[in-house]
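Have a look at my_file-v6.txt below; it lists compact mmCIF, C-alpha atoms.
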# COMPACT_ATOMS: atom_id res chain seq x y z
CA MET A 1 10.74 14.13 3.58
CA THR A 2 11.85 12.56 0.32
CA THR A 3 15.12 12.28 -1.49
CA THR A 4 16.34 14.47 -4.31
CA ALA A 5 15.05 12.82 -7.48
CA ALA A 6 17.89 13.95 -9.74
CA ALA A 7 20.48 12.12 -7.61
CA THR A 8 18.63 8.81 -7.42
CA THR A 9 19.63 5.61 -9.21
CA VAL A 10 17.29 2.64 -8.81
CA LEU A 11 17.48 -0.97 -9.98
CA VAL A 12 14.27 -3.00 -10.17
CA THR A 13 14.41 -6.78 -10.61
CA GLY A 14 11.77 -8.74 -12.52
CA ALA A 15 10.82 -5.52 -14.21
CA ASN A 16 9.75 -6.44 -17.73
CA LYS A 17 6.08 -6.69 -16.73
CA GLY A 18 3.55 -6.26 -13.94
CA LEU A 19 4.49 -4.45 -10.76
CA GLY A 20 8.15 -4.20 -11.71
CA ARG A 21 7.38 -2.66 -15.08
CA GLU A 22 5.02 -0.13 -13.51
CA ALA A 23 7.51 0.73 -10.77
CA VAL A 24 10.12 1.40 -13.45
CA ARG A 25 7.69 3.65 -15.31
CA ARG A 26 6.88 5.62 -12.18
CA PHE A 27 10.52 6.03 -11.17
CA ALA A 28 11.34 7.24 -14.67
CA THR A 29 8.58 9.86 -14.51
CA MET A 30 10.16 11.05 -11.23
CA GLY A 31 13.38 11.78 -13.10
CA TRP A 32 15.35 8.95 -11.53
CA ARG A 33 18.05 6.98 -13.35
CA VAL A 34 16.35 3.61 -13.79
CA LEU A 35 17.92 0.21 -14.35
CA LEU A 36 15.37 -2.35 -15.51
CA ALA A 37 16.50 -5.88 -14.68
CA ALA A 38 14.86 -8.97 -16.14
CA ARG A 39 15.79 -12.56 -16.92
CA ASP A 40 14.37 -12.62 -20.44
CA VAL A 41 16.47 -10.43 -22.75
CA GLU A 42 13.80 -10.15 -25.42
CA ARG A 43 11.06 -9.13 -23.00
CA GLY A 44 13.33 -6.80 -21.09
CA SER A 45 14.44 -5.07 -24.27
CA ALA A 46 10.82 -4.78 -25.38
CA ALA A 47 9.94 -3.08 -22.07
CA ILE A 48 12.74 -0.57 -22.64
CA ARG A 49 11.37 0.21 -26.12
CA GLU A 50 7.85 0.63 -24.73
CA LEU A 51 9.11 3.11 -22.16
CA ALA A 52 11.00 5.01 -24.84
CA ALA A 53 7.76 5.28 -26.84
CA GLU A 54 6.28 7.01 -23.77
CA GLY A 55 9.22 9.42 -23.68
CA LEU A 56 10.80 7.69 -20.69
CA HIS A 57 14.32 6.32 -20.37
CA ALA A 58 15.60 3.21 -18.61
CA ASP A 59 18.65 1.00 -19.12
CA PHE A 60 18.27 -2.76 -19.42
CA VAL A 61 20.22 -5.11 -17.14
CA PRO A 62 19.91 -8.83 -18.00
CA MET A 63 19.74 -10.79 -14.74
CA ASP A 64 18.55 -14.22 -13.68
CA ILE A 65 18.39 -14.01 -9.89
CA THR A 66 18.76 -17.80 -9.55
CA SER A 67 22.25 -17.71 -11.10
CA ASP A 68 25.41 -16.51 -9.33
CA GLU A 69 27.09 -15.86 -12.68
CA SER A 70 24.16 -13.87 -14.05
CA VAL A 71 23.87 -11.72 -10.94
CA GLN A 72 27.60 -10.98 -10.89
CA ALA A 73 27.47 -10.04 -14.58
CA ALA A 74 24.61 -7.69 -13.74
CA VAL A 75 26.66 -6.05 -10.98
CA ASP A 76 29.55 -5.58 -13.40
CA LEU A 77 27.22 -4.02 -15.97
CA VAL A 78 25.64 -1.68 -13.42
CA ARG A 79 29.12 -0.48 -12.46
CA THR A 80 29.48 0.78 -16.03
CA HIS A 81 26.40 2.97 -15.49
CA THR A 82 27.02 4.27 -11.95
CA ARG A 83 29.47 4.26 -9.06
CA HIS A 84 26.72 3.70 -6.54
CA LEU A 85 23.15 2.48 -6.26
CA ASP A 86 20.60 4.43 -4.25
CA VAL A 87 17.68 2.00 -4.36
CA LEU A 88 17.34 -1.73 -4.95
CA VAL A 89 13.81 -3.03 -5.47
CA ASN A 90 13.75 -6.81 -5.09
CA ASN A 91 10.61 -7.42 -7.10
CA ALA A 92 11.46 -10.62 -9.02
CA GLY A 93 9.49 -13.59 -7.80
CA VAL A 94 7.41 -16.56 -8.84
CA GLY A 95 4.02 -17.87 -7.83
CA ALA A 96 2.99 -21.46 -7.18
CA PRO A 97 -0.13 -23.58 -7.66
CA ALA A 98 -2.52 -23.57 -4.71
CA THR A 99 -1.90 -27.26 -4.05
CA PRO A 100 -3.22 -28.46 -0.65
CA PRO A 101 -0.36 -28.72 1.86
CA GLY A 102 -0.72 -32.47 2.23
CA GLU A 103 -0.33 -32.93 -1.51
CA THR A 104 2.53 -30.50 -2.05
CA ARG A 105 5.87 -31.91 -3.17
CA ALA A 106 8.93 -30.69 -1.29
CA ALA A 107 10.73 -30.14 -4.59
CA ASP A 108 8.00 -27.74 -5.75
CA VAL A 109 8.39 -25.66 -2.60
CA GLY A 110 12.13 -25.62 -3.19
CA VAL A 111 11.67 -24.10 -6.65
CA VAL A 112 9.64 -21.22 -5.19
CA PHE A 113 12.15 -20.63 -2.40
CA GLU A 114 15.06 -20.67 -4.85
CA THR A 115 13.68 -17.57 -6.54
CA ASN A 116 11.68 -15.75 -3.87
CA VAL A 117 14.11 -16.26 -1.00
CA VAL A 118 17.54 -17.51 -2.13
CA GLY A 119 17.48 -15.36 -5.27
CA THR A 120 16.64 -12.27 -3.27
CA ILE A 121 19.52 -12.93 -0.88
CA ARG A 122 21.85 -13.48 -3.84
CA VAL A 123 20.91 -10.16 -5.44
CA THR A 124 20.92 -8.18 -2.19
CA ASN A 125 24.37 -9.36 -1.14
CA ALA A 126 25.82 -8.86 -4.61
CA PHE A 127 24.65 -5.24 -4.77
CA LEU A 128 25.49 -4.29 -1.18
CA PRO A 129 28.85 -2.68 -2.06
CA LEU A 130 27.16 -0.41 -4.62
CA LEU A 131 24.40 0.45 -2.16
CA GLN A 132 26.85 1.18 0.64
CA ALA A 133 28.70 3.55 -1.69
CA GLY A 134 25.63 5.82 -1.72
CA GLU A 135 24.59 8.46 0.80
CA ASN A 136 21.10 7.18 1.60
CA PRO A 137 20.67 3.61 0.33
CA ARG A 138 17.29 1.89 0.43
CA ILE A 139 16.13 -1.64 -0.28
CA VAL A 140 12.50 -2.51 -0.95
CA MET A 141 11.51 -6.18 -0.72
CA VAL A 142 8.29 -6.89 -2.62
CA SER A 143 6.50 -9.32 -0.36
CA SER A 144 2.80 -10.19 -0.02
CA GLY A 145 -0.01 -10.14 2.51
CA MET A 146 -0.01 -13.92 2.05
CA GLY A 147 3.33 -13.92 3.87
CA SER A 148 1.80 -12.25 6.92
CA ILE A 149 1.15 -14.84 9.65
CA ALA A 150 -1.11 -12.36 11.43
CA THR A 151 -3.22 -11.87 8.31
CA MET A 152 -3.37 -15.50 7.25
CA THR A 153 -4.39 -16.69 10.73
CA ASP A 154 -6.99 -13.96 11.25
CA PRO A 155 -10.50 -15.51 11.04
CA ALA A 156 -11.61 -12.43 9.11
CA SER A 157 -9.17 -13.43 6.36
CA ALA A 158 -10.24 -17.08 6.18
CA GLY A 159 -11.47 -16.73 2.60
CA LEU A 160 -8.47 -14.76 1.39
CA ALA A 161 -6.74 -17.79 -0.15
CA PRO A 162 -6.83 -21.57 0.23
CA PRO A 163 -4.15 -23.15 2.46
CA ALA A 164 -0.89 -23.58 0.57
CA LEU A 165 2.79 -23.94 1.37
CA GLY A 166 5.15 -22.63 -1.30
CA TYR A 167 4.20 -19.04 -2.03
CA PRO A 168 2.96 -17.93 1.44
CA ALA A 169 5.92 -19.58 3.17
CA SER A 170 8.40 -17.98 0.77
CA LYS A 171 6.97 -14.53 1.42
CA ALA A 172 6.94 -15.11 5.19
CA ALA A 173 10.62 -16.04 4.87
CA LEU A 174 11.22 -12.89 2.82
CA ASN A 175 9.67 -10.84 5.63
CA MET A 176 12.03 -12.38 8.18
CA ILE A 177 14.97 -11.79 5.85
CA THR A 178 13.95 -8.14 5.61
CA SER A 179 13.92 -7.77 9.39
CA GLN A 180 17.33 -9.41 9.75
CA TYR A 181 18.98 -7.35 7.02
CA ALA A 182 17.57 -4.22 8.68
CA ARG A 183 19.04 -5.27 12.03
CA ALA A 184 22.42 -6.03 10.50
CA LEU A 185 22.67 -3.00 8.21
CA PRO A 186 21.50 0.11 10.07
CA GLY A 187 23.00 2.35 7.39
CA ILE A 188 20.47 1.13 4.83
CA ARG A 189 16.69 1.65 5.00
CA ILE A 190 15.31 -1.85 4.33
CA ASN A 191 11.58 -2.56 4.24
CA ALA A 192 9.10 -5.10 2.89
CA VAL A 193 5.92 -4.12 1.08
CA ASP A 194 2.60 -5.81 0.40
CA PRO A 195 1.37 -4.57 -2.99
CA GLY A 196 -2.13 -5.89 -2.34
CA TYR A 197 -4.35 -7.93 -4.63
CA THR A 198 -3.31 -6.46 -7.97
CA ALA A 199 -4.22 -7.33 -11.55
CA THR A 200 -1.01 -8.95 -12.81
CA ASP A 201 0.00 -12.23 -14.43
CA LEU A 202 0.68 -13.61 -10.93
CA THR A 203 -3.01 -13.24 -10.04
CA ALA A 204 -4.25 -14.15 -13.54
CA HIS A 205 -5.36 -10.50 -13.64
CA ARG A 206 -8.08 -11.18 -11.08
CA GLY A 207 -6.79 -8.55 -8.65
CA PHE A 208 -9.01 -5.57 -7.97
CA GLN A 209 -6.14 -3.07 -7.81
CA THR A 210 -4.42 -1.51 -10.79
CA VAL A 211 -0.66 -1.90 -11.14
CA THR A 212 -0.33 1.76 -10.23
CA GLU A 213 -2.13 1.17 -6.95
CA GLY A 214 -0.08 -1.97 -6.46
CA THR A 215 3.17 -0.02 -6.73
CA ASP A 216 2.18 2.78 -4.35
CA ALA A 217 3.96 1.21 -1.37
CA ILE A 218 6.98 0.30 -3.49
CA VAL A 219 7.42 3.88 -4.66
CA ASP A 220 6.77 5.35 -1.22
CA LEU A 221 9.35 3.16 0.52
CA ALA A 222 11.88 3.66 -2.27
CA ASP A 223 11.65 7.42 -1.81
CA ILE A 224 12.26 7.74 1.94
CA ASP A 225 15.18 9.71 3.31
CA ALA A 226 17.68 8.69 5.99
CA THR A 227 15.14 9.37 8.76
CA GLY A 228 12.59 7.03 7.20
CA PRO A 229 11.53 3.66 8.60
CA THR A 230 13.56 0.48 8.37
CA GLY A 231 12.75 -3.11 9.22
CA GLY A 232 9.02 -2.61 8.62
CA PHE A 233 6.22 -4.13 6.56
CA PHE A 234 3.97 -1.73 4.67
CA ASP A 235 1.06 -1.62 2.25
CA ARG A 236 -0.28 1.42 0.43
CA SER A 237 -2.14 2.53 3.58
CA GLY A 238 0.83 2.31 5.93
CA ARG A 239 2.24 -0.29 8.31
CA THR A 240 0.74 -3.75 8.06
CA PRO A 241 1.10 -6.73 10.45
CA TRP A 242 3.83 -9.31 10.05

Written as structure tokens, how would this file's structure read?
Amino acid sequence: MTTTAAATTVLVTGANKGLGREAVRRFATMGWRVLLAARDVERGSAAIRELAAEGLHADFVPMDITSDESVQAAVDLVRTHTRHLDVLVNNAGVGAPATPPGETRAADVGVVFETNVVGTIRVTNAFLPLLQAGENPRIVMVSSGMGSIATMTDPASAGLAPPALGYPASKAALNMITSQYARALPGIRINAVDPGYTATDLTAHRGFQTVTEGTDAIVDLADIDATGPTGGFFDRSGRTPW
């Protein structure tokens, strides 16, 4: 079963392009109230105008997930739009060069973790009161198959990507964070998704999936009801290994 579209308010982070932008478009076509969050005001505003040209509405929320002040300002702004939040999609994230582990600087890994892990925690905790004010709150963490230890250690996946530290480790951490939030907050459906190898800026548009295919799992997990799964890891085909 799915939720009632007319009653749903969703906020998507990192949503001015790529998977976030497509998720916003799809939620808007479902009739949801959509809040498009992005760090860059110019690009975020441009995304809003592009959606309007398609006959779709979304509201822009400036937010840099690496800044406490920016995230709190975003919460305050969202409160002017709604008294509760039904869905939070933690999509904002950064990639990292595929530097061999032995040549990777600790500081470079820290930069990736600051956005992909610490930033996600910052946003999630800041928006928890608004989520808990809703009847069926959901959180979708946009992770990656590169964060799956089972996948990355499977001999069949040996050619999937060269060994690297920053990005895969940050997504593995995000998966663990998802499981712990789900354990701690049984009243919220909290799941991680692997979009798959999708043609976005993060993959230099080498991915074989379209952004629509890449957002299938995001949309599916955002639209579950109170009997839906929590604490799981999913791709567009269903559950996927941690």

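Residues having any atom no farther than 12 Å from (11.1, -27.0, -3.8) (counting all atoms listed in the file) are Ala96, Thr104, Arg105, Ala106, Ala107, Asp108, Val109, Gly110, Val111, Val112, Phe113, Glu114, Thr115, Asn116, Val117, Val118, Leu165, Gly166, Tyr167, Ala169 and Ser170 of chain A.
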
Between A:Gln132, A:Ser67, A:Thr215, A:Ser179, which one has atoms that come closest to Val87 in chain A, using all atoms listed in the file?
-> A:Gln132

Residues near Asp76 in chain A, cut-off 12 Å, all atoms listed in the file, skip fewer than 5 positions along chain, as an MDAnalysis selection string | chainID A and resid 61:63 69:71 81:84 126:127 129:130

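If all atoms listed in the file are the atoms counted, then among A:Ala7, A:Leu185, A:Val89, A:Val12 the closest residue to Trp32 in chain A is A:Ala7.
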
Closest of A:Ala47, A:Ala73, A:Ala98, A:Ala226 to Ala164 in chain A - atom-to-atom distances counting all atoms listed in the file = A:Ala98
